[in-house]
Amino acid sequence: MITLNHYLILAAILFCIGFYGAIAKKNAVAVLMGIELMLNSVNINLVAFNRFLSPGEMTGQIFAIMVIVVAAAEVAVGLALVLNIYRQRLTTDVNDLDWLKW
Amino acid sequence: MINLAWLVPVLPAIAFVIIIFLTRRLQMVSALTSILAMAGSFIISLGIVFEVLAGPVTMDNPVELSARWLEVPGSVFIQAGVLIDPLSAVMLFVVTFIALLVMIYSIGYMKGEPGYSTFFAYLSLFSCSMLGLVVSNNYFQIFMFWELVGLCSYLLIGFYYHKDSASQANKKAFITNRYGDFGFMLGMFFLFLLFGTFNFRELAAVIPSYTNEALLTVVALLIFVGPIAKSAQFPLHVWLPDAMEGPTPVSALIHAATMVAAGVYLLARGFVLFESATTALIIIALIGGFSSIFAASIGLVQRDIKRILAFSTMSQLGYMVMAIGLGSITAGMFHLTTHAFFKALLFLGAGSVIHAVHTQDIFEMGGLSKKMKVTTWTFIIGSLALAGIFPLAGFWSKDEILLTAANAGEYFGIPILGPIFLILGLSVAFMTAFYMFRLIFVTFFGEEQPGSHAHESPAVMTVPLIILSVFAIFSGFIGTPFTPNGFAEWVYYGEPHHPHPNYGIMIMSTVVALAGIWLAWLIYGKRAISAEMLANRFSTIHRILYNKYYIDEIYLWLFDRVMLGIADACRWCDRKIVDGIADGFGDGIRAMGARMRFIQTGNMQNYALVIFVAVVIIALVLAVPVLGGI
Amino acid sequence: MGDFPILLTIVLAPVIGALVILFIPEKDERLIKITAAIATFVSLVLSVYAYLVYDKTAGGFQFTQDFVWVERFGINLSLGVDGMSLPLVLLTAIVIFTGVFASWDMHSRVKEFFIFLLVLVAGVFGVFVSRDLFWFYLFFEVAVLPMYILIGVWGSTRKEYAAMKLTLYLLVGSAFALIGIIALYVYAKAQLGFGTFDIMTLGTVEFDEAFQKFAFFLMMIGFGFLVPMWPLHTWSPDGHVAAPTAVSMLHAGVLMKLGGYGLIRAGVFLFPLGAKYWAPLIAVLCIVNVVYGARVAMVQKDLKFVIGYSSVSHMGYVLLGIASLNYMSLDGAVAQMFAHGIMTALFFALVGNVYHKAHTREIAAFGGLAHQMPRVASGFLIGGLASLGLPGLNNFVAEALIFLGSWQVEKVLFGWLHFRVLSILAIFGVVITAIYVLRVVQRVFFGPRNPKWDHLTDARGVEMVPIVILIGVLVLFGIFPSLLIDTINVGVGPLVAKISAAAEIGGVF
Amino acid sequence: MQIQLADFALMMPEIATAVLALGLLVVGLVVPKEQSKGIGYLTVAGLTGIWLFNFLYWNEDAALFGGIYLVDSYTVFFRFLFLTAAVIVALASRDYVARLERNQGEFYALLVAATLGMMLLAGAGDLITLYMGLELMTITFVILVGYQKAEAKSAEAGVKYVVLGAMSSAVLLYGLSLVFGFTGTTFINDMVATLSSGNWSPLLLLGIVFMIAGFGFKVSAVPFHMWSPDIYEGSPTPVTAFLAVASKAAGLAAFVRIFMIALPELQAYWMSIVIVLTAITVVVGNLIAIPQSNIKRMLAFSSVAQAGYILFGLVAFSSLGVGAMLFHSILYVFANIGAFGVAIAVKNATGSDEIKDYSGLAQTSPFLAAVMLLCLLSLAGIPPVAGFVSKFYLFLAVIEKGMVWLAFVGIGMSMVSVYYYLIVAKAMYLGTPKEAAKPISVSAGTQIALVICMVAVILFGVYPTPLLNAAMEVGYSFFPF
């Protein structure tokens, strides 16, 4: 029997994977993808909660859809910026993005 | 006239203000202002003296006028007051009289000096302070004027401020006196603590019934520290010889006749306290006696005319202090009075000499008797008076002191004290006679210096000399054992003690004084004994005496090494430790900031990691209590 | 004058002066200076008027005015002066008025200088006339920042370091005081049921012992920075030295007094128990102030440093007066604040005069200046004499009262150190003071004429204004101390009543 | 869920803002480039209109659309705050934007859109609205931050902000999802009911931790502040000003609403964390600000520290605390934008943000120097300027709760902050101007903005009463304990 906890654990693992990707990947695009994974784990959470705790309502699903929409916008902006920086510096390695520091 | 007593100090003060603000450019006007004011004070003082002599005002029944000066409700009430009794009346007369003469003398002496007006202003200020001191009815006021006379002394010693020696000397005088004032202040505060008042008469009413004699002794000795400095007693005497850097009239007025006597006056004024503390009294007598012989011995070998007189002054002050220490304010005050006249005379005479020869080294003078007759003869009169030759003033007052000394054993109930003080007094008398006549033989009768253009001083200077020599001769008669209703009936403590003539002591003192004169004549007049030979034979003693027992050097060493050493240590501590810690604190914070900025690596994945780690840590911290409970 | 807002005008006159100066072109230096002089003169006249009119028989706060400010928190702009603050208001007025004249020879960025100076002084006035702790604090802080710029721009000798140090020290000190004030407010609110910063209302609250100890400690540290209490003092000599003349005058003359005043007002008055508890510590530290400050002054090479450290030493007397906690000593403490303010302002005016002309303050470089500058020399000597406590000058009265007061204290610290020993050490301070003051006078002004300084001109004209006024005040209150002390008595009286009403508790030692 | 027309009426300011944003976008496209100057003024006029309009809602207290949006005095207060900030920034950025080779309409449209996002964030009654507002704000800011795409620093800041912003959103969302899951509702006002039963899962605490991290990121509380200095430094200065002031306030608005309204029951758990974070924030922000040589970066760290001070209000957990926090936030708007406004002017004239290039500013441009000085003083909390008064109440609130040590930390660190602010003052007043330095000319718009800031900073410092009363009323009605 798959319970809420399974979903939660799955989401947690996904979140961690996403997070790992975000902090370990060198390519800015990959980093953005990691973040997408984190957002997706949230979506799993939301939907699972909705399903198991208050199946009569749609709150969780709506929330998840909102998240998906916003994530798309976010990534769109993010990719544009990454593209822009690539034009300037001919790299998307996030380790090189450290002109602003200290 | 007594009701006008408050005017006595105020008149010179007015003169001071007028000169400072109005007449600095008009030299003669300044001088006359000063003298007029002083004359006014003198006349009032004279009136007071006559009134006191005639009227019901006695030591036990003084006149007191006072006004509220400073008050803290329930805590302290300080008066500005005037206390007139024979003691202060005599003192008023002495001070105003000598001040007046010195001012007149200064017209001639200071002629052509820059700062002529200022000089008179200072003299007026001094007179004001000194007279204020004399009429004070409480310790607090006396302390204030006590410091003010010190200030005037400072200003006048440093009158030739362009001379380094003068500016050093006045600093030394002031600071040395500060040490004395420090003790005085402590003693005064103790008195206030114990009795709640500064007023002399109120204190006199309560002190005798106070039982803790040990404490009283401490208080008395603390107060005595003031006179030690002011009256140049050992060990705070070092300033007086140096004070001779001032113009000579100043030395006459301040450092011979009046201000230095203030210490003696204070002892007399507050005698009720000292009398209640016998131990203190003995110590006072010892210090006085020691100072007097100490100074006299130094005076034996000095070369500077004013310094010889200065050590003589110190010695005589020691005499007076000793007298009071031995319980007789009559003797002390009597000697103070006569001494004021003849020592002022001597200083003014010395001034006249210096005015003529422009040097102060007696061995650079010589044979002046032919050129300066008035000066010479008045000087000799003064010296005889000082040496205590019958029947001059000094003889009678010294006799009174020796009489007191002889009675010391009886007074304290310690028999040995009598002979000790008597011998001490006689030795001083001997030395005094010796060094005074050494001075006279060398200065006035020795060989004339080649190229000397010495000449007699103008009348404005010699007339005061003559007046003073009259007093030097006759003033002693107010207090001889043969004078009815004399000094002892006016100024006394407790009951008047009319002295009975003690011919033994009179003869002894005369013999000793004559012996001193004779010895001086042998060495310096007749040259029967070579001074150089003596100096060589006793070279160590001579050197020690000539260098004033090296006291100055010891003090200098103490100041340089100890005082400045501590000061340097404090400065070091302030800069390195106190400031160092504060700056270090600031630097530390800055350094922390400078280090911490590198947390900000610029790599956003690091930032993300920090967020993650923080979340984990917080979660763990929260988890411990929560999960622990499950 | 009826309901004329005297105190408000005293505070605002400099501000208005500053605003007027804002619209005067930079070039017109004379007009700027005259404006500043007029503005401060208004304050001075009103201060003198208030001082004379103040009803000593009625006592308490007079010329009061209240403006509701933040009703919700009980903050009112309440002005008023009592016998304690009135002399200090007068002091401020005198010092700033003379300070303006002492800066008459200022020629760089004059406009800004006077704007900042006037703002600064408005803050100082504000502190002394506030009856509300919030405003008290606010006004104090107003005074701090202009000081930074004044020292930093127009100063000398390590000015940037000194300015920063001074500002930070003062602010750190005020931080303690601020916490104390807030804690006091919170505590009193719980007791009274309503919040208030009014000093008299707060004075009626019975604070418990533990709180008093805590709060007084904060006040002690906070205002101790200002006074300055050893070892929190090092900002002050540095600041004095670096500051331009008028600022030194105001800084040493008045600003340090804010500390003493605050300690009495917000410390002793509100927390008598706390004061009794901490008094021994203050007493010990103030002796260090007195003796150590004087010692350090003795070996300084810069004229202003000598005066700077002498201030440290003299403010030690104020602390001693406070630590002794009796009528005479507190009277003396207030009087000493007044007297020291005048005296030190005089010093700085004179040193500024010399420095402006000679461009050095090195003691060793001088000698015989009395030949070229007799008036300055006399002024300096009088200042020096005041400093060493010569009778006839104001400082003597103050110091004597402090000594007399501290002499009465029968406390034994550490089980062996009698309070009187501390008094003795403090009194010995006057000896050391004499040493360093006379040393400086002698080395700078006496001695043979030095032709190197023949180009120096003596003080004259406008330069004489501060010298004459300040000396006049010193002498006036020195000869007739009742003029000052009677007023102070009225202010200190209630305070003493409160102290004696408080229970006796053992001290910190 | 009942949707009523009246609800729309209460949301008119938000709607108007949205319309304004879109309108500006359109106008920017339509108007020829030469005349595009007017767009800035149009923005200002529009925002000012909405600002005035907002007065109508002062005493409202309503839950719209079944509670997903709340119009209470808290919301209205924050509307004022954001609009004020937006107006001043719009005024101050006129010069700056005019130099850009881009469509000016876009910039202002984004600015207004960000304002809208903040207003939504402050008024959000449930988590979804909250998230929408948050993202509207974040995404528009991402674009604004990277707006000068040709400039390396701006571009880098843009990337960093989008990555870190998205990540923080994800973290926050994860927390929100857990909270939603274990309270069963997304409505902030309803959560209390669930929690007060005392029956809640420990995992809820995990959600709270994530929320703290997410909001901490928005208000830039240490250690979630790491992004802010880099982004502040890299962004166009007007954006930095707006970001530092308004975005922070918006994050705070939501943070406080959730934690004080929804989660008071769990105070025992999250409060200690917040206290520690607050203290660390104040300390670290101030310390790292000391060695900075770039004024924007220095102000960035100072604003980190300011976040700490603002959080004092939350720590105090009382109506006084909330009031003081609101009061401080709005005064912070003036002070910070004033300071950045001067930075904009100086940057325009000299092309530099380095503090050493401010040398002698007091002599060349006394007005700019005075504004800068007063604003920095206000940030430092030195009377008589406004910052002192508000900090005073924050400390009061904290001490009232018995946390004297925290007040000590706060005040002590204020003194540290004085040090680095004075470094700027030192350059301006003590330094000497360069040879060639000329007075900096600023446009009327910037001047007005600076005058507004200066007047506000002085006025509210000396006579804070009306504003303070307003803030306190909001505080008391929002959290009447």
# chains A, B, ... in the order shown; residues from 1 in each chain; ligands from 1
call {"tool": "closest_atom_pairs", "arguments": {"of": "chain D", "to": "chain B", "cutoff": "6 Å", "atoms": "only C-alpha atoms", "output": "tab-separated table"}}
result
residue	atom	partner	partner_atom	distance
D:Phe224	CA	B:Ile611	CA	5.6
D:Met226	CA	B:Tyr607	CA	5.6
D:Leu287	CA	B:Gly593	CA	4.4
D:Ile288	CA	B:Gly593	CA	4.4
D:Ile290	CA	B:Gly593	CA	6.0
D:Pro291	CA	B:Ala594	CA	5.5
call {"tool": "write_last_selection", "arguments": {"atoms": "all heavy atoms", "output": "mmCIF file, in the first residue's frame"}}
result
data_model
loop_
_atom_site.group_PDB
_atom_site.id
_atom_site.type_symbol
_atom_site.label_atom_id
_atom_site.label_comp_id
_atom_site.auth_asym_id
_atom_site.auth_seq_id
_atom_site.Cartn_x
_atom_site.Cartn_y
_atom_site.Cartn_z
ATOM 1 N N PHE D 224 20.993 33.487 5.231
ATOM 2 C CA PHE D 224 20.329 33.356 3.934
ATOM 3 C C PHE D 224 20.503 34.623 3.103
ATOM 4 O O PHE D 224 19.808 34.868 2.142
ATOM 5 C CB PHE D 224 18.836 33.069 4.143
ATOM 6 C CG PHE D 224 18.599 31.979 5.136
ATOM 7 C CD1 PHE D 224 18.038 32.229 6.367
ATOM 8 C CD2 PHE D 224 18.968 30.671 4.822
ATOM 9 C CE1 PHE D 224 17.848 31.215 7.283
ATOM 10 C CE2 PHE D 224 18.781 29.655 5.747
ATOM 11 C CZ PHE D 224 18.227 29.922 6.982
ATOM 12 N N MET D 226 23.271 35.638 1.597
ATOM 13 C CA MET D 226 24.507 35.647 0.800
ATOM 14 C C MET D 226 24.320 36.278 -0.569
ATOM 15 O O MET D 226 25.255 36.849 -1.117
ATOM 16 C CB MET D 226 25.020 34.218 0.631
ATOM 17 C CG MET D 226 25.149 33.436 1.909
ATOM 18 S SD MET D 226 26.611 33.837 2.828
ATOM 19 C CE MET D 226 27.857 33.042 1.849
ATOM 20 N N LEU D 287 29.386 43.815 10.585
ATOM 21 C CA LEU D 287 30.830 43.566 10.559
ATOM 22 C C LEU D 287 31.368 43.560 9.137
ATOM 23 O O LEU D 287 32.398 44.158 8.847
ATOM 24 C CB LEU D 287 31.142 42.236 11.250
ATOM 25 C CG LEU D 287 31.077 42.253 12.766
ATOM 26 C CD1 LEU D 287 31.506 40.906 13.314
ATOM 27 C CD2 LEU D 287 31.964 43.340 13.332
ATOM 28 N N ILE D 288 30.641 42.864 8.263
ATOM 29 C CA ILE D 288 31.203 42.758 6.912
ATOM 30 C C ILE D 288 31.094 44.094 6.189
ATOM 31 O O ILE D 288 31.844 44.361 5.258
ATOM 32 C CB ILE D 288 30.530 41.629 6.117
ATOM 33 C CG1 ILE D 288 30.596 40.334 6.923
ATOM 34 C CG2 ILE D 288 31.237 41.426 4.793
ATOM 35 C CD1 ILE D 288 30.132 39.127 6.177
ATOM 36 N N ILE D 290 31.997 46.824 7.278
ATOM 37 C CA ILE D 290 33.130 47.702 7.616
ATOM 38 C C ILE D 290 34.171 47.786 6.495
ATOM 39 O O ILE D 290 34.537 48.877 6.087
ATOM 40 C CB ILE D 290 33.799 47.242 8.933
ATOM 41 C CG1 ILE D 290 32.812 47.358 10.079
ATOM 42 C CG2 ILE D 290 35.028 48.073 9.214
ATOM 43 C CD1 ILE D 290 33.345 46.790 11.368
ATOM 44 N N PRO D 291 34.654 46.639 6.007
ATOM 45 C CA PRO D 291 35.774 46.779 5.069
ATOM 46 C C PRO D 291 35.365 47.117 3.635
ATOM 47 O O PRO D 291 36.236 47.158 2.770
ATOM 48 C CB PRO D 291 36.435 45.396 5.144
ATOM 49 C CG PRO D 291 35.346 44.477 5.515
ATOM 50 C CD PRO D 291 34.376 45.244 6.315
#
call {"tool": "interface_residues", "arguments": {"of": "chain C", "to": "chain D", "cutoff": "7 Å", "atoms": "only C-alpha atoms", "output": "list in words"}}
result
Trp69, Val70, Leu138, Glu141, Val142, Ile149, Gly152, Val153, Leu168, Leu171, Val172, Ala175, Ile182, Ala183 and Val186 of chain C
call {"tool": "select_by_dssp", "arguments": {"residues": "segment 19-71 of chain A", "states": "helix (DSSP H, G or I)", "output": "PyMOL selection string"}}
result
chain A and resi 19-24+28-53+59-71
call {"tool": "atom_distance", "arguments": {"atom1": "atom CA of Ile139 of chain D", "atom2": "atom CA of Val31 of chain A"}}
result
17.2 Å
call {"tool": "closest_atom_pairs", "arguments": {"of": "chain A", "to": "chain B", "cutoff": "6 Å", "atoms": "only C-alpha atoms", "output": "CSV"}}
result
residue,atom,partner,partner_atom,distance
A:Ile23,CA,B:Gln605,CA,4.8
A:Asn95,CA,B:Asn603,CA,6.0
A:Asp98,CA,B:Gly602,CA,4.4
A:Leu100,CA,B:Gly602,CA,5.5
A:Lys101,CA,B:Gly602,CA,4.1
A:Trp102,CA,B:Gln600,CA,4.9
call {"tool": "interface_residues", "arguments": {"of": "chain B", "to": "chain C", "cutoff": "6 Å", "atoms": "only C-alpha atoms", "output": "list of chain:residue names"}}
result
B:Leu70, B:Met144, B:Tyr161, B:His162, B:Lys163, B:Asp164, B:Arg178, B:Ala567, B:Cys570, B:Arg571
call {"tool": "interface_residues", "arguments": {"of": "chain A", "to": "chain D", "cutoff": "8 Å", "atoms": "only C-alpha atoms", "output": "PyMOL selection string"}}
result
chain A and resi 31-32+35+38-39+41-42+45-46+49-50+53-54+59+63+66+70+73-74+77-78+81-82+84-85+88+97+99-101
call {"tool": "write_last_selection", "arguments": {"atoms": "C-alpha atoms", "output": "short mmCIF file (atom, residue, chain, number, x, y, z; two decimals), in the first residue's frame"}}
result
data_model
loop_
_atom_site.label_atom_id
_atom_site.label_comp_id
_atom_site.auth_asym_id
_atom_site.auth_seq_id
_atom_site.Cartn_x
_atom_site.Cartn_y
_atom_site.Cartn_z
CA VAL A 31 21.68 24.31 -12.31
CA LEU A 32 18.38 25.68 -13.47
CA ILE A 35 15.96 23.86 -9.40
CA MET A 38 13.17 20.94 -6.52
CA LEU A 39 10.02 22.66 -7.65
CA SER A 41 9.22 17.73 -5.66
CA VAL A 42 7.11 20.44 -4.15
CA ASN A 45 4.07 17.06 -2.08
CA LEU A 46 1.17 19.33 -2.86
CA PHE A 49 -1.29 16.06 0.43
CA ASN A 50 -4.34 17.03 -1.47
CA LEU A 53 -5.72 14.68 3.42
CA SER A 54 -8.53 16.52 1.70
CA THR A 59 -6.35 23.36 -3.33
CA PHE A 63 -1.27 25.24 -6.04
CA MET A 66 0.46 27.66 -10.15
CA VAL A 70 5.51 30.23 -12.40
CA ALA A 73 8.28 31.78 -16.33
CA GLU A 74 11.20 31.64 -14.02
CA VAL A 77 13.84 34.43 -17.62
CA GLY A 78 16.69 32.39 -16.26
CA LEU A 81 19.96 35.61 -18.61
CA VAL A 82 22.22 32.62 -18.98
CA ASN A 84 23.12 36.77 -22.16
CA ILE A 85 26.03 35.90 -19.93
CA GLN A 88 29.47 38.08 -22.83
CA LEU A 97 30.48 33.96 -12.28
CA TRP A 99 33.15 38.97 -10.36
CA LEU A 100 30.89 40.11 -7.63
CA LYS A 101 32.28 38.99 -4.34
#
call {"tool": "residues_around", "arguments": {"residues": "His359 of chain C", "least_positions_apart": "6", "cutoff": "12 Å", "atoms": "only C-alpha atoms", "output": "list of chain:residue names"}}
result
C:Ser156, C:Thr157, C:Val351, C:Gly352, C:Asn353, C:Ala365, C:Phe366, C:Trp453, C:Leu456
call {"tool": "atom_distance", "arguments": {"atom1": "atom CA of Ser383 of chain B", "atom2": "atom CA of Val90 of chain B"}}
result
23.1 Å
call {"tool": "residues_around", "arguments": {"residues": "Leu346 of chain C", "least_positions_apart": "4", "cutoff": "7 Å", "atoms": "only C-alpha atoms", "output": "ChimeraX atom specification"}}
result
/C:342,350,383,467,470
call {"tool": "atom_distance", "arguments": {"atom1": "atom CA of Ala252 of chain B", "atom2": "atom CA of Leu348 of chain B"}}
result
6.1 Å
call {"tool": "residues_around", "arguments": {"residues": "His240 of chain C", "least_positions_apart": "4", "cutoff": "6 Å", "atoms": "only C-alpha atoms", "output": "number ranges by chain"}}
result
C: 236, 248, 308
call {"tool": "write_last_selection", "arguments": {"atoms": "N, CA, C and O atoms", "output": "compact mmCIF listing (two decimals), in the first residue's frame"}}
result
# COMPACT_ATOMS: atom_id res chain seq x y z
N SER C 236 39.13 61.57 25.13
CA SER C 236 39.00 62.99 25.41
C SER C 236 40.29 63.78 25.16
O SER C 236 40.24 64.80 24.50
N SER C 248 37.04 72.61 20.86
CA SER C 248 37.70 72.18 22.09
C SER C 248 37.04 72.83 23.29
O SER C 248 36.79 72.19 24.31
N GLY C 308 44.21 68.64 27.91
CA GLY C 308 43.32 67.49 27.74
C GLY C 308 43.39 66.57 28.95
O GLY C 308 42.37 66.18 29.50
call {"tool": "residues_around", "arguments": {"residues": "Ala54 of chain B", "least_positions_apart": "5", "cutoff": "12 Å", "atoms": "only C-alpha atoms", "output": "list in words"}}
result
Gly47, Ile48, Val49, Pro86, Asn485 and Trp490 of chain B
call {"tool": "residues_around", "arguments": {"residues": "Gln62 of chain C", "least_positions_apart": "6", "cutoff": "12 Å", "atoms": "only C-alpha atoms", "output": "mmCIF file with C-alpha atoms, in the first residue's frame"}}
result
data_model
loop_
_atom_site.group_PDB
_atom_site.id
_atom_site.type_symbol
_atom_site.label_atom_id
_atom_site.label_comp_id
_atom_site.auth_asym_id
_atom_site.auth_seq_id
_atom_site.Cartn_x
_atom_site.Cartn_y
_atom_site.Cartn_z
ATOM 1 C CA ASP C 3 4.971 83.334 29.047
ATOM 2 C CA PRO C 5 9.354 80.513 25.971
ATOM 3 C CA ILE C 6 12.776 81.288 27.331
ATOM 4 C CA LEU C 7 14.246 77.826 27.258
ATOM 5 C CA ALA C 50 16.853 82.915 33.480
ATOM 6 C CA TYR C 51 19.671 82.552 35.945
ATOM 7 C CA VAL C 53 15.081 85.387 37.580
ATOM 8 C CA TYR C 54 15.067 81.803 38.783
ATOM 9 C CA ASP C 55 13.151 81.719 42.040
ATOM 10 C CA LYS C 56 15.408 80.030 44.552
ATOM 11 C CA SER C 78 9.142 69.129 28.406
ATOM 12 C CA LEU C 79 11.565 71.863 29.112
ATOM 13 C CA GLY C 80 12.538 73.229 32.449
ATOM 14 C CA VAL C 81 15.564 74.067 34.479
ATOM 15 C CA ASP C 82 16.313 73.613 38.120
ATOM 16 C CA GLY C 83 19.199 74.660 40.256
ATOM 17 C CA MET C 84 21.351 71.920 38.866
ATOM 18 C CA SER C 85 20.863 72.489 35.187
ATOM 19 C CA LEU C 86 20.607 76.247 35.257
ATOM 20 C CA VAL C 129 16.833 71.983 29.540
ATOM 21 C CA SER C 130 15.095 68.658 28.967
ATOM 22 C CA ARG C 131 12.991 67.196 31.680
ATOM 23 C CA VAL C 490 18.198 74.465 45.288
ATOM 24 C CA GLY C 491 18.788 71.814 42.669
#
call {"tool": "decode", "arguments": {"residues": "segment 322-375 of chain D", "atoms": "C-alpha atoms", "output": "PDB file, in the first residue's frame"}}
result
ATOM      1  CA  VAL D 322       4.925  45.133  15.020  1.00  0.00           C
ATOM      2  CA  GLY D 323       4.273  48.839  15.195  1.00  0.00           C
ATOM      3  CA  ALA D 324       7.925  49.612  15.669  1.00  0.00           C
ATOM      4  CA  MET D 325       8.807  47.284  12.847  1.00  0.00           C
ATOM      5  CA  LEU D 326       6.397  48.967  10.476  1.00  0.00           C
ATOM      6  CA  PHE D 327       7.614  52.338  11.559  1.00  0.00           C
ATOM      7  CA  HIS D 328      11.195  51.381  11.055  1.00  0.00           C
ATOM      8  CA  SER D 329      10.503  49.860   7.678  1.00  0.00           C
ATOM      9  CA  ILE D 330       8.908  52.970   6.314  1.00  0.00           C
ATOM     10  CA  LEU D 331      11.611  55.234   7.657  1.00  0.00           C
ATOM     11  CA  TYR D 332      14.146  52.852   6.237  1.00  0.00           C
ATOM     12  CA  VAL D 333      12.559  53.442   2.850  1.00  0.00           C
ATOM     13  CA  PHE D 334      13.401  57.118   2.954  1.00  0.00           C
ATOM     14  CA  ALA D 335      16.836  56.732   4.369  1.00  0.00           C
ATOM     15  CA  ASN D 336      17.951  53.975   2.077  1.00  0.00           C
ATOM     16  CA  ILE D 337      16.507  55.365  -1.108  1.00  0.00           C
ATOM     17  CA  GLY D 338      17.958  58.733  -0.210  1.00  0.00           C
ATOM     18  CA  ALA D 339      21.383  57.220   0.155  1.00  0.00           C
ATOM     19  CA  PHE D 340      21.049  55.238  -3.068  1.00  0.00           C
ATOM     20  CA  GLY D 341      19.657  58.319  -4.772  1.00  0.00           C
ATOM     21  CA  VAL D 342      22.846  60.156  -4.058  1.00  0.00           C
ATOM     22  CA  ALA D 343      24.779  57.126  -5.194  1.00  0.00           C
ATOM     23  CA  ILE D 344      22.852  57.241  -8.463  1.00  0.00           C
ATOM     24  CA  ALA D 345      23.671  60.897  -8.936  1.00  0.00           C
ATOM     25  CA  VAL D 346      27.328  60.389  -8.165  1.00  0.00           C
ATOM     26  CA  LYS D 347      27.557  57.369 -10.382  1.00  0.00           C
ATOM     27  CA  ASN D 348      25.974  59.311 -13.227  1.00  0.00           C
ATOM     28  CA  ALA D 349      28.468  62.090 -12.823  1.00  0.00           C
ATOM     29  CA  THR D 350      31.644  60.187 -12.034  1.00  0.00           C
ATOM     30  CA  GLY D 351      30.887  56.688 -13.188  1.00  0.00           C
ATOM     31  CA  SER D 352      32.079  55.281  -9.923  1.00  0.00           C
ATOM     32  CA  ASP D 353      30.565  53.652  -6.884  1.00  0.00           C
ATOM     33  CA  GLU D 354      33.772  53.650  -4.897  1.00  0.00           C
ATOM     34  CA  ILE D 355      33.598  55.445  -1.562  1.00  0.00           C
ATOM     35  CA  LYS D 356      36.906  57.126  -2.140  1.00  0.00           C
ATOM     36  CA  ASP D 357      35.453  58.910  -5.130  1.00  0.00           C
ATOM     37  CA  TYR D 358      33.060  60.694  -2.799  1.00  0.00           C
ATOM     38  CA  SER D 359      35.993  62.651  -1.551  1.00  0.00           C
ATOM     39  CA  GLY D 360      35.173  66.309  -1.158  1.00  0.00           C
ATOM     40  CA  LEU D 361      31.566  65.899  -2.166  1.00  0.00           C
ATOM     41  CA  ALA D 362      30.567  68.313   0.580  1.00  0.00           C
ATOM     42  CA  GLN D 363      32.433  71.055  -1.170  1.00  0.00           C
ATOM     43  CA  THR D 364      31.460  70.354  -4.730  1.00  0.00           C
ATOM     44  CA  SER D 365      27.854  69.358  -4.094  1.00  0.00           C
ATOM     45  CA  PRO D 366      26.857  70.236  -0.558  1.00  0.00           C
ATOM     46  CA  PHE D 367      23.266  69.271  -1.114  1.00  0.00           C
ATOM     47  CA  LEU D 368      24.054  65.723  -2.173  1.00  0.00           C
ATOM     48  CA  ALA D 369      26.501  65.377   0.678  1.00  0.00           C
ATOM     49  CA  ALA D 370      23.950  66.608   3.173  1.00  0.00           C
ATOM     50  CA  VAL D 371      21.313  64.177   1.934  1.00  0.00           C
ATOM     51  CA  MET D 372      23.780  61.345   2.032  1.00  0.00           C
ATOM     52  CA  LEU D 373      24.925  62.273   5.506  1.00  0.00           C
ATOM     53  CA  LEU D 374      21.437  62.552   6.914  1.00  0.00           C
ATOM     54  CA  CYS D 375      20.321  59.320   5.334  1.00  0.00           C
TER      55      CYS D 375
END
